[in-house]
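Notes follow once the structure below has been shown.
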Amino acid sequence: MAKTITNPSPNPLPLGATVFPILFAISMVHLLNDAMQSTVSALFPILKDSLHLSYTQVGLIAFAMNITASFLQPIVGLTADLKPRPYILPLGVCFTLAGVVGLALAPNFALILLSVICMGVGSAIFHPESSRVAYLAAGSRRGLAQSIFQVGGNIGSSLGPIMTALIFVPLGQFGVMWFTIAAVLAIGIQYYVAGWYSRRQSQPRPAAKKTVARSGTGLTQTRVVTAVVLLVFLTFSKHVYMSSVTSYYTFFLIEDYGISVEKAQLFLFAFLVAAAAGTFFGGPLADRYGRRNIIWLSILGTAPFSILLPYANLFWSGVLCVCAGFVLSSAFSIIVVYAQELLPGKVGLISGLFFGLAFGLGGLGSAVLGSIADATSIAFMMKLCSYLPLLGVLAIFLPKDEQVRNAA
């Protein structure tokens, strides 16, 4: 008997109501996952002093974790498009758990690298599959769904500076061990999400319709490829600038303003909280005012704040940092949704590709920027990176939302 072949990809325009319990569940796991990962950057000031690391070595730690996730995420996403594996979700958190334990106990630079690579594998499994779950649970509100999913990660990342001030300064490296509790909780939630995901995949879906030729909509294959390349450049500008702030802004404040590690971490915390708020508002704004409009306004609109920041006094540096974090972070969830609509039926691949780019560019940026800081100064490196958001002007050349929806 011949096998019945079904389309493993979700319907490009999912029907039904938005499934908020699932969206909030994966957002909570995203919070826990990124809180565990933020222990890496939160430990940078501690590890630099205790292990006598250079800025280049600090950058390599971030690079090792992020480049691992960067290479693996598109592979995981493509695999999910071909054959979804719901119960890989809790497995991914197990790798993160192993990395957390290793990071707490690692006595040298080499073992720290091995630990953060494990955490990178965990992220590579978590992000594309969970983004795919957000797509399935979104209904017609894709921008909102991606924002709910991603804001959890932003909140988790924002906890890093607080962890440095309250946990790692008094307890040191071993304080990371407390985050095994977060890992166990995340594994439990992921089993719940995986159960819903499995049931959702088993539901019958409407028969796939033939794709309308893009040439009839004015959106040719060349324009689709060009749009994806532009989105890659925009992701580059956003995440390398974000990396300059998350990895080195505290060192900039300590060296140029003479403040303590604890106080510098509070400035970084304010930036990351603002980034979380920007992520949350970006999706609904894009659903209402258009994805293309919010993408270019978000990235290019950051430039005035980023360019002024390295020259401001301590108070205005904090204000500008918060403004930059809020405006810049509204873009990424919209970039992911926009790319998913450019290439319908490849939700996992697109999610893996752009989350992988985010991790890879952030990690590569940390390594390169660390070398620049060693060769020049932290202040010069921050001034150099401040111009990256000007690349947001490229978003003007993206196809309009109506063309993308018609092509899909």
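Chain lettering (A, B, ...) mirrors the order of the structure tokens, residue numbering begins at 1 for each chain separately, and ligand numbering begins at 1 in order of display.
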
Item to check | Neighbour list for Pro399 of chain A as a PyMOL selection string, cut-off 9 Å, only C-alpha atoms, skip fewer than 4 positions in-chain | outcome: chain A and resi 219+223-224+227+292+395+403-404

Item to check | Which of segment 134-320 of chain A DSSP labels alpha helix (DSSP H), written as a PyMOL selection string | outcome: chain A and resi 134-137+142-163+169-171+180-202+221-257+261-289+291-300+303-308+314-320

Checklist entry - Which is closest to Val245 of chain A among A:Ala379, A:Ala145, A:Ile125, A:Ile117, if we use only C-alpha atoms? => result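 Of the candidates, the smallest distance to Val245 of chain A is held by A:Ala379.
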
Checklist entry - Using only C-alpha atoms, which residues sit within 12 Å of Ala106 of chain A once same-chain residues fewer than 4 positions away are excluded, as a PyMOL selection string? => result chain A and resi 47+51+98-102+110-116+173-174+176-177

Same residues, N, CA and C atoms, output as a PDB file, in the first residue's frame:
ATOM      1  N   LEU A  47      35.403  36.622  35.733  1.00  0.00           N
ATOM      2  CA  LEU A  47      36.384  35.742  35.095  1.00  0.00           C
ATOM      3  C   LEU A  47      37.622  36.510  34.627  1.00  0.00           C
ATOM      4  N   LEU A  51      40.758  34.824  36.359  1.00  0.00           N
ATOM      5  CA  LEU A  51      41.580  34.023  35.445  1.00  0.00           C
ATOM      6  C   LEU A  51      42.552  34.876  34.634  1.00  0.00           C
ATOM      7  N   ALA A  98      23.739  21.059  31.311  1.00  0.00           N
ATOM      8  CA  ALA A  98      25.119  20.566  31.385  1.00  0.00           C
ATOM      9  C   ALA A  98      26.111  21.721  31.303  1.00  0.00           C
ATOM     10  N   GLY A  99      25.827  22.709  30.444  1.00  0.00           N
ATOM     11  CA  GLY A  99      26.708  23.861  30.332  1.00  0.00           C
ATOM     12  C   GLY A  99      26.746  24.686  31.590  1.00  0.00           C
ATOM     13  N   VAL A 100      25.600  24.843  32.244  1.00  0.00           N
ATOM     14  CA  VAL A 100      25.534  25.620  33.493  1.00  0.00           C
ATOM     15  C   VAL A 100      26.389  24.964  34.576  1.00  0.00           C
ATOM     16  N   VAL A 101      26.249  23.647  34.720  1.00  0.00           N
ATOM     17  CA  VAL A 101      27.047  22.930  35.736  1.00  0.00           C
ATOM     18  C   VAL A 101      28.537  23.054  35.412  1.00  0.00           C
ATOM     19  N   GLY A 102      28.887  22.873  34.137  1.00  0.00           N
ATOM     20  CA  GLY A 102      30.289  22.991  33.755  1.00  0.00           C
ATOM     21  C   GLY A 102      30.843  24.382  34.006  1.00  0.00           C
ATOM     22  N   ALA A 110      39.933  26.791  29.056  1.00  0.00           N
ATOM     23  CA  ALA A 110      39.538  25.750  28.108  1.00  0.00           C
ATOM     24  C   ALA A 110      38.220  25.102  28.506  1.00  0.00           C
ATOM     25  N   LEU A 111      38.040  24.811  29.792  1.00  0.00           N
ATOM     26  CA  LEU A 111      36.802  24.176  30.242  1.00  0.00           C
ATOM     27  C   LEU A 111      35.629  25.152  30.223  1.00  0.00           C
ATOM     28  N   ILE A 112      35.916  26.424  30.407  1.00  0.00           N
ATOM     29  CA  ILE A 112      34.868  27.425  30.257  1.00  0.00           C
ATOM     30  C   ILE A 112      34.359  27.420  28.811  1.00  0.00           C
ATOM     31  N   LEU A 113      35.289  27.347  27.852  1.00  0.00           N
ATOM     32  CA  LEU A 113      34.886  27.285  26.441  1.00  0.00           C
ATOM     33  C   LEU A 113      34.020  26.055  26.170  1.00  0.00           C
ATOM     34  N   LEU A 114      34.414  24.899  26.718  1.00  0.00           N
ATOM     35  CA  LEU A 114      33.635  23.681  26.512  1.00  0.00           C
ATOM     36  C   LEU A 114      32.229  23.821  27.100  1.00  0.00           C
ATOM     37  N   SER A 115      32.129  24.445  28.271  1.00  0.00           N
ATOM     38  CA  SER A 115      30.830  24.627  28.925  1.00  0.00           C
ATOM     39  C   SER A 115      29.914  25.526  28.108  1.00  0.00           C
ATOM     40  N   VAL A 116      30.459  26.621  27.601  1.00  0.00           N
ATOM     41  CA  VAL A 116      29.600  27.541  26.843  1.00  0.00           C
ATOM     42  C   VAL A 116      29.230  26.945  25.482  1.00  0.00           C
ATOM     43  N   GLN A 173      32.208  32.533  40.732  1.00  0.00           N
ATOM     44  CA  GLN A 173      31.821  31.675  39.614  1.00  0.00           C
ATOM     45  C   GLN A 173      30.861  30.562  40.019  1.00  0.00           C
ATOM     46  N   PHE A 174      31.033  30.004  41.229  1.00  0.00           N
ATOM     47  CA  PHE A 174      30.209  28.872  41.657  1.00  0.00           C
ATOM     48  C   PHE A 174      28.741  29.257  41.798  1.00  0.00           C
ATOM     49  N   VAL A 176      26.844  30.274  39.677  1.00  0.00           N
ATOM     50  CA  VAL A 176      26.094  29.819  38.498  1.00  0.00           C
ATOM     51  C   VAL A 176      25.299  28.553  38.806  1.00  0.00           C
ATOM     52  N   MET A 177      25.747  27.773  39.777  1.00  0.00           N
ATOM     53  CA  MET A 177      25.090  26.508  40.100  1.00  0.00           C
ATOM     54  C   MET A 177      23.627  26.694  40.489  1.00  0.00           C
TER      55      MET A 177
END

Item to check | Who sits within 6 Å of segment 52-61 of chain A, only C-alpha atoms, same chain under 6 positions skipped, as a PyMOL selection string | outcome: chain A and resi 113+366-367+370-371

Take the residues from that selection and put them in a file with C-alpha atoms, as a PDB file, in the first residue's frame.
ATOM      1  CA  LEU A 113      34.886  27.285  26.441  1.00  0.00           C
ATOM      2  CA  SER A 366      32.258  40.127  20.570  1.00  0.00           C
ATOM      3  CA  ALA A 367      35.500  38.482  19.442  1.00  0.00           C
ATOM      4  CA  GLY A 370      37.477  42.583  21.959  1.00  0.00           C
ATOM      5  CA  SER A 371      40.528  42.575  19.687  1.00  0.00           C
TER       6      SER A 371
END

Next on the checklist: Show me, as a list of chain:residue names, the residues that have an atom within 6 Å of segment 18-25 of chain A when counting only C-alpha atoms, minus same-chain residues fewer than 6 positions from it.
Outcome noted: A:Ala137, A:Ala138, A:Gly139

Checklist entry - Could you work out how far atom CA of Pro389 of chain A lies from atom CA of His239 of chain A, giving the answer in Å with one decimal? => result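 These two atoms are separated by 9.8 Å.
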
Checklist entry - Using only C-alpha atoms, which residue out of A:Gly282, A:Pro310, A:Pro90, A:Gly122 lies closest to Ala186 of chain A? => result A:Pro90

Item to check | Within 10 Å of Asn313 of chain A using only C-alpha atoms, minus same-chain residues under 4 positions, as a PyMOL selection string | outcome: chain A and resi 256-257+309+317-318
